[in-house]
>>> print(open('target30.tsv').read())   # TSV, C-alpha atoms and all ligand atoms
chain	number	residue	atom	x	y	z
A	23	MET	CA	11.84	-75.68	-48.36
A	24	SER	CA	14.31	-73.64	-50.37
A	25	LEU	CA	14.81	-70.02	-49.38
A	26	TYR	CA	13.02	-68.96	-52.55
A	27	ASP	CA	10.03	-71.18	-51.76
A	28	LEU	CA	9.91	-69.77	-48.23
A	29	ILE	CA	9.91	-66.24	-49.60
A	30	VAL	CA	7.15	-66.78	-52.11
A	31	SER	CA	4.98	-68.94	-49.84
A	32	ARG	CA	5.13	-66.66	-46.79
A	33	ARG	CA	1.80	-64.96	-46.28
A	34	THR	CA	0.44	-62.87	-43.47
A	35	VAL	CA	-1.41	-65.13	-41.05
A	36	ARG	CA	-4.13	-63.92	-38.70
A	37	ARG	CA	-5.38	-67.17	-37.16
A	38	PHE	CA	-2.98	-69.08	-34.97
A	39	LYS	CA	-2.80	-72.38	-33.12
A	40	GLN	CA	-2.35	-71.92	-29.40
A	41	ASP	CA	0.78	-74.11	-29.13
A	42	PRO	CA	3.65	-72.26	-27.49
A	43	ILE	CA	6.74	-71.50	-29.57
A	44	PRO	CA	9.83	-73.24	-28.10
A	45	ASP	CA	12.53	-70.94	-26.71
A	46	GLU	CA	15.15	-72.16	-29.17
A	47	ILE	CA	12.92	-71.15	-32.08
A	48	VAL	CA	12.30	-67.73	-30.53
A	49	THR	CA	16.08	-67.37	-30.29
A	50	ARG	CA	16.45	-68.37	-33.96
A	51	ILE	CA	13.91	-65.73	-34.94
A	52	MET	CA	15.76	-63.09	-32.93
A	53	GLU	CA	19.12	-64.17	-34.35
A	54	ALA	CA	17.65	-63.69	-37.83
A	55	ALA	CA	16.80	-60.11	-36.79
A	56	ARG	CA	20.29	-59.53	-35.40
A	57	GLN	CA	21.90	-60.65	-38.65
A	58	ALA	CA	19.80	-58.34	-40.84
A	59	PRO	CA	21.46	-55.60	-42.85
A	60	SER	CA	21.70	-52.19	-41.18
A	61	GLY	CA	22.48	-48.84	-42.78
A	62	ALA	CA	26.14	-48.00	-41.97
A	63	ASN	CA	25.92	-50.98	-39.59
A	64	ILE	CA	24.59	-48.61	-36.93
A	65	GLN	CA	22.16	-51.23	-35.58
A	66	PRO	CA	19.70	-48.93	-33.83
A	67	LEU	CA	17.02	-51.59	-33.33
A	68	LYS	CA	16.08	-53.07	-29.97
A	69	TYR	CA	13.39	-55.63	-29.26
A	70	ILE	CA	10.84	-56.60	-26.65
A	71	ILE	CA	9.57	-60.16	-26.62
A	72	VAL	CA	6.08	-60.75	-25.23
A	73	GLN	CA	5.06	-64.34	-24.53
A	74	SER	CA	3.14	-64.48	-21.26
A	75	PRO	CA	-0.56	-65.13	-21.99
A	76	ASP	CA	-1.61	-62.22	-19.81
A	77	MET	CA	0.67	-59.73	-21.55
A	78	CYS	CA	-0.15	-61.17	-25.01
A	79	GLU	CA	-3.82	-60.41	-24.33
A	80	LYS	CA	-3.01	-56.85	-23.26
A	81	VAL	CA	-0.87	-56.28	-26.35
A	82	PHE	CA	-3.61	-57.76	-28.54
A	83	GLU	CA	-6.08	-55.18	-27.22
A	84	ASN	CA	-3.85	-52.45	-28.63
A	85	THR	CA	-3.49	-53.83	-32.15
A	86	ALA	CA	-5.71	-53.58	-35.22
A	87	TRP	CA	-6.11	-56.35	-37.77
A	88	ALA	CA	-7.00	-56.65	-41.45
A	89	GLY	CA	-8.60	-53.27	-42.07
A	90	TYR	CA	-10.20	-54.38	-45.35
A	91	LEU	CA	-12.11	-57.16	-43.61
A	92	LYS	CA	-13.87	-54.86	-41.17
A	93	GLY	CA	-13.46	-56.98	-38.05
A	94	GLU	CA	-13.66	-60.35	-39.82
A	95	GLY	CA	-9.87	-60.60	-39.96
A	96	THR	CA	-9.32	-60.04	-36.26
A	97	PRO	CA	-8.26	-63.27	-34.52
A	98	LYS	CA	-10.97	-64.64	-32.26
A	99	GLU	CA	-10.55	-66.42	-28.92
A	100	GLY	CA	-8.39	-69.49	-29.52
A	101	GLU	CA	-6.84	-67.95	-32.64
A	102	LYS	CA	-4.76	-65.14	-31.14
A	103	PRO	CA	-0.97	-64.84	-31.43
A	104	VAL	CA	1.17	-66.52	-28.78
A	105	LEU	CA	4.22	-64.33	-29.29
A	106	TYR	CA	4.84	-60.68	-30.13
A	107	VAL	CA	8.13	-59.06	-31.00
A	108	PHE	CA	8.28	-55.28	-30.73
A	109	LEU	CA	10.68	-53.50	-33.07
A	110	LEU	CA	11.99	-50.46	-31.27
A	111	VAL	CA	14.29	-47.77	-32.58
A	112	ASP	CA	16.82	-46.67	-29.98
A	113	THR	CA	16.91	-42.92	-30.72
A	114	ASP	CA	20.12	-42.58	-28.67
A	115	ILE	CA	21.73	-44.62	-31.45
A	116	ARG	CA	19.81	-43.27	-34.44
A	117	LYS	CA	17.17	-40.54	-34.41
A	118	ASP	CA	15.63	-40.96	-37.87
A	119	GLY	CA	15.99	-43.14	-40.88
A	120	ALA	CA	15.79	-46.60	-39.34
A	121	GLU	CA	12.79	-47.66	-41.45
A	122	HIS	CA	14.83	-49.77	-43.83
A	123	ASP	CA	16.58	-51.51	-40.95
A	124	CYS	CA	13.16	-52.31	-39.50
A	125	GLY	CA	11.98	-53.73	-42.81
A	126	ALA	CA	14.99	-55.96	-43.21
A	127	ALA	CA	14.85	-57.24	-39.63
A	128	ALA	CA	11.11	-57.83	-39.83
A	129	GLN	CA	11.31	-59.83	-43.03
A	130	ASN	CA	14.21	-61.90	-41.68
A	131	MET	CA	12.17	-62.74	-38.58
A	132	MET	CA	9.05	-63.64	-40.53
A	133	LEU	CA	10.99	-65.92	-42.87
A	134	ALA	CA	12.90	-67.61	-40.04
A	135	ALA	CA	9.55	-68.24	-38.36
A	136	TRP	CA	7.89	-69.50	-41.54
A	137	GLU	CA	10.65	-72.07	-41.98
A	138	GLU	CA	9.29	-73.57	-38.73
A	139	GLY	CA	5.64	-73.39	-39.86
A	140	ILE	CA	5.13	-70.32	-37.71
A	141	GLY	CA	2.95	-67.67	-39.31
A	142	SER	CA	3.22	-63.98	-38.63
A	143	CYS	CA	1.45	-60.70	-39.03
A	144	TRP	CA	3.46	-57.51	-39.15
A	145	ILE	CA	1.41	-54.86	-37.38
A	146	GLY	CA	1.71	-51.13	-37.91
A	147	SER	CA	-1.75	-50.21	-36.59
A	148	LEU	CA	-0.92	-49.89	-32.93
A	149	LYS	CA	-1.92	-47.79	-29.97
A	150	ARG	CA	1.69	-46.85	-29.39
A	151	ASP	CA	1.22	-44.60	-26.37
A	152	ARG	CA	-0.77	-47.24	-24.53
A	153	LEU	CA	1.72	-49.96	-25.42
A	154	LYS	CA	4.61	-47.80	-24.20
A	155	GLU	CA	2.85	-47.38	-20.89
A	156	LEU	CA	1.83	-51.02	-20.67
A	157	LEU	CA	5.35	-52.29	-21.23
A	158	GLY	CA	7.12	-49.44	-19.44
A	159	ILE	CA	9.08	-48.50	-22.56
A	160	ASP	CA	11.51	-45.63	-22.04
A	161	ASP	CA	10.94	-42.51	-24.15
A	162	LYS	CA	14.25	-43.00	-25.94
A	163	TYR	CA	12.69	-45.99	-27.74
A	164	LYS	CA	10.32	-45.38	-30.63
A	165	ILE	CA	7.93	-48.24	-31.32
A	166	ASP	CA	8.26	-48.89	-35.03
A	167	THR	CA	6.03	-51.92	-35.47
A	168	VAL	CA	5.19	-55.23	-33.83
A	169	ILE	CA	5.21	-58.71	-35.31
A	170	ALA	CA	2.68	-61.23	-34.04
A	171	PHE	CA	3.57	-64.92	-34.32
A	172	GLY	CA	2.00	-68.32	-33.86
A	173	TYR	CA	1.77	-71.64	-35.65
A	174	ALA	CA	-0.35	-70.96	-38.71
A	175	ASP	CA	-3.96	-72.09	-38.54
A	176	GLU	CA	-5.42	-70.73	-41.75
A	177	LYS	CA	-4.97	-71.06	-45.48
A	178	VAL	CA	-3.69	-67.95	-47.19
A	179	VAL	CA	-2.98	-67.75	-50.92
A	180	SER	CA	-1.67	-65.10	-53.24
A	181	GLU	CA	-3.11	-64.50	-56.68
A	182	ASP	CA	-2.61	-62.10	-59.56
A	183	ALA	CA	-4.42	-58.84	-58.86
A	184	LYS	CA	-7.04	-57.92	-61.41
A	185	GLY	CA	-7.35	-54.25	-60.57
A	186	ASP	CA	-8.37	-54.50	-56.92
A	187	ILE	CA	-5.59	-55.13	-54.41
A	188	LYS	CA	-7.85	-55.57	-51.37
A	189	TYR	CA	-7.35	-58.94	-49.71
A	190	TYR	CA	-10.51	-60.93	-49.04
A	191	ARG	CA	-11.79	-64.17	-47.57
A	192	ASP	CA	-13.81	-66.64	-49.61
A	193	GLU	CA	-16.72	-68.81	-48.45
A	194	ASN	CA	-14.26	-71.45	-47.17
A	195	LYS	CA	-12.45	-68.82	-45.09
A	196	VAL	CA	-9.41	-69.01	-47.35
A	197	HIS	CA	-7.67	-65.63	-47.27
A	198	HIS	CA	-6.69	-64.32	-50.74
A	199	VAL	CA	-3.96	-61.74	-51.27
A	200	PRO	CA	-4.01	-60.09	-54.73
A	201	LYS	CA	-0.48	-59.19	-55.82
A	202	ARG	CA	0.15	-56.84	-58.72
A	203	THR	CA	1.68	-58.76	-61.62
A	204	LEU	CA	5.30	-58.38	-62.69
A	205	ASP	CA	4.04	-56.80	-65.92
A	206	GLU	CA	2.65	-53.99	-63.80
A	207	LEU	CA	5.62	-53.74	-61.44
A	208	ILE	CA	8.50	-53.75	-63.88
A	209	ILE	CA	8.12	-50.52	-65.76
A	210	LYS	CA	11.17	-50.86	-67.98
A	211	LYS	CA	13.86	-53.33	-69.04
A	212	VAL	CA	16.78	-51.78	-70.78
A	301	LIG	C1	4.52	-52.12	-42.63
A	301	LIG	C2	3.35	-53.07	-42.55
A	301	LIG	C3	2.34	-52.84	-41.63
A	301	LIG	C4	1.27	-53.73	-41.54
A	301	LIG	N1	0.31	-53.49	-40.60
A	301	LIG	C5	-0.71	-54.36	-40.46
A	301	LIG	C6	-1.67	-54.17	-39.43
A	301	LIG	O1	-1.61	-53.21	-38.67
A	301	LIG	N2	-2.65	-55.10	-39.30
A	301	LIG	C7	-2.75	-56.19	-40.13
A	301	LIG	O2	-3.66	-57.00	-39.96
A	301	LIG	N3	-1.85	-56.40	-41.13
A	301	LIG	C8	-0.83	-55.52	-41.31
A	301	LIG	N4	0.11	-55.73	-42.28
A	301	LIG	C9	0.03	-56.92	-43.14
A	301	LIG	C10	-0.43	-56.58	-44.55
A	301	LIG	O3	-1.83	-56.41	-44.57
A	301	LIG	C11	-0.01	-57.74	-45.50
A	301	LIG	O4	1.39	-57.79	-45.57
A	301	LIG	C12	-0.60	-57.55	-46.90
A	301	LIG	O5	-1.99	-57.73	-46.87
A	301	LIG	C13	0.01	-58.51	-47.91
A	301	LIG	O6	-0.17	-59.84	-47.50
A	301	LIG	P1	1.05	-60.84	-47.41
A	301	LIG	O7	1.91	-60.39	-46.24
A	301	LIG	O8	0.42	-62.18	-47.16
A	301	LIG	O9	1.82	-60.79	-48.69
A	301	LIG	C14	1.19	-54.86	-42.40
A	301	LIG	C15	2.22	-55.07	-43.34
A	301	LIG	C16	3.27	-54.20	-43.40
A	301	LIG	C17	4.36	-54.46	-44.40
>>> encode(input="target30.tsv", output="structure tokens")
Amino acid sequence: MSLYDLIVSRRTVRRFKQDPIPDEIVTRIMEAARQAPSGANIQPLKYIIVQSPDMCEKVFENTAWAGYLKGEGTPKEGEKPVLYVFLLVDTDIRKDGAEHDCGAAAQNMMLAAWEEGIGSCWIGSLKRDRLKELLGIDDKYKIDTVIAFGYADEKVVSEDAKGDIKYYRDENKVHHVPKRTLDELIIKKV
């Protein structure tokens, strides 16, 4: 797939096959994060990789999924992610203002994964205090977000939004993501 096709076909996935992700692919995903742009090249981001089934389950318990679907979008047994990557901001390196770095690294990781057929869900709804305790994360690290990964096991499509931007699932369990049209997004061409 071309890079452009990867970008436009990537969708958030919330149902995953249970096949493990090979180490070399995990390394590729992390290398994509490492190569992301960073403001002033400060590189304040650090990562925790969670792959053990036991720890994946504990992390899962501290995440929230697909708010608009009121529970329906939460992965069930046999659909849960097999890998999590925590994006941490090392506040010894940068106190504030790492949000853009996080965004760039996250998108790089999700695209590198998608190239391998691995779906992802970027998760901001987290019980951060509990996760810090669970993983023994030092106070100097701020948990920005977490990305959940696994081989995609659901169909997700984007469509032009007609007013409502809430994603939904149809009767065939296809997940639809309404995207505002370019006519709405581009407010001026000069
Ligand atoms: C910063 C950020 C935080 C997000 N947090 C969550 C989350 O906590 N739980 C979840 O299920 N999805 C989360 N998402 C995924 C969004 O719901 C998803 O990106 C959106 O519905 C658009 O779908 P798409 O990624 O397929 O284009 C998050 C996305 C972003 C960018």
>>> residues_near_ligand(input="target30.tsv", ligand="ligand LIG 301 (chain A)", cutoff="8 Å", atoms="only C-alpha atoms and all ligand atoms", output="PyMOL selection string")
chain A and resi 32-36+85-89+95-96+125+143-148+167+178-180+188-189+199+201
>>> residues_around(input="target30.tsv", residues="A:Asp161", least_positions_apart="3", cutoff="9 Å", atoms="all atoms listed in the file", output="PyMOL selection string")
chain A and resi 113+154+164
>>> write_last_selection(input="target30.tsv", atoms="C-alpha atoms", output="PDB file, keeping the file's coordinate frame")
ATOM      1  CA  THR A 113      16.910 -42.920 -30.720  1.00  0.00           C
ATOM      2  CA  LYS A 154       4.610 -47.800 -24.200  1.00  0.00           C
ATOM      3  CA  LYS A 164      10.320 -45.380 -30.630  1.00  0.00           C
TER       4      LYS A 164
END
>>> closest_atom_pairs(input="target30.tsv", of="stretch 98-166 of chain A", to="stretch 50-53 of chain A", cutoff="8 Å", atoms="only C-alpha atoms", output="JSON lines")
{"residue": "A:Asn130", "atom": "CA", "partner": "A:Ile51", "partner_atom": "CA", "distance": 7.8}
{"residue": "A:Met131", "atom": "CA", "partner": "A:Ile51", "partner_atom": "CA", "distance": 5.0}
{"residue": "A:Met132", "atom": "CA", "partner": "A:Ile51", "partner_atom": "CA", "distance": 7.7}
{"residue": "A:Ala134", "atom": "CA", "partner": "A:Ile51", "partner_atom": "CA", "distance": 5.5}
{"residue": "A:Ala135", "atom": "CA", "partner": "A:Ile51", "partner_atom": "CA", "distance": 6.1}
>>> closest_residue(input="target30.tsv", among="A:Val81, A:Asp76, A:Lys195, A:Ser60", to="A:Glu155", atoms="all atoms listed in the file")
A:Val81
>>> closest_residue(input="target30.tsv", among="A:Gln57, A:Lys210, A:Ala183, A:Glu83", to="A:Ala126", atoms="all atoms listed in the file")
A:Gln57
>>> atom_distance(input="target30.tsv", atom1="atom CA of A:Cys78", atom2="atom CA of A:Ala170")
9.5 Å
>>> closest_residue(input="target30.tsv", among="A:Glu121, A:Phe108, A:Asp175, A:Val72", to="A:Gly139", atoms="all atoms listed in the file")
A:Asp175
>>> closest_residue(input="target30.tsv", among="A:Lys162, A:Lys117, A:Lys102, A:Arg150", to="A:Asp41", atoms="all atoms listed in the file")
A:Lys102
>>> atom_distance(input="target30.tsv", atom1="atom CA of A:Thr49", atom2="atom CA of A:Ala120")
22.7 Å
>>> closest_residue(input="target30.tsv", among="A:Gly141, A:Pro200, A:Val107, A:Asp118", to="A:Lys184", atoms="all atoms listed in the file")
A:Pro200
>>> closest_residue(input="target30.tsv", among="A:Arg37, A:Glu193, A:Pro44, A:Asp123", to="A:Arg56", atoms="all atoms listed in the file")
A:Asp123
>>> axis_aligned_box(input="target30.tsv", around="stretch 67-85 of chain A", padding_each_side="6 Å", output="lines of an AutoDock Vina configuration file")
center_x = 5.5
center_y = -58.4
center_z = -26.6
size_x = 35.1
size_y = 25.5
size_z = 25.5
>>> atom_distance(input="target30.tsv", atom1="atom CA of A:Leu133", atom2="atom CA of A:Lys39")
18.1 Å
>>> residues_around(input="target30.tsv", residues="A:Asn194", least_positions_apart="3", cutoff="10 Å", atoms="only C-alpha atoms", output="mmCIF file with C-alpha atoms, keeping the file's coordinate frame")
data_model
loop_
_atom_site.group_PDB
_atom_site.id
_atom_site.type_symbol
_atom_site.label_atom_id
_atom_site.label_comp_id
_atom_site.auth_asym_id
_atom_site.auth_seq_id
_atom_site.Cartn_x
_atom_site.Cartn_y
_atom_site.Cartn_z
ATOM 1 C CA LYS A 177 -4.970 -71.060 -45.480
ATOM 2 C CA ARG A 191 -11.790 -64.170 -47.570
ATOM 3 C CA HIS A 197 -7.670 -65.630 -47.270
#
>>> residues_near_point(input="target30.tsv", point="(-4.0, -71.7, -32.6)", cutoff="10 Å", atoms="all atoms listed in the file", output="list in words")
Arg36, Arg37, Phe38, Lys39, Gln40, Asp41, Pro42, Pro97, Lys98, Glu99, Gly100, Glu101, Lys102, Pro103, Val104, Gly172, Tyr173, Ala174, Asp175 and Glu176 of chain A
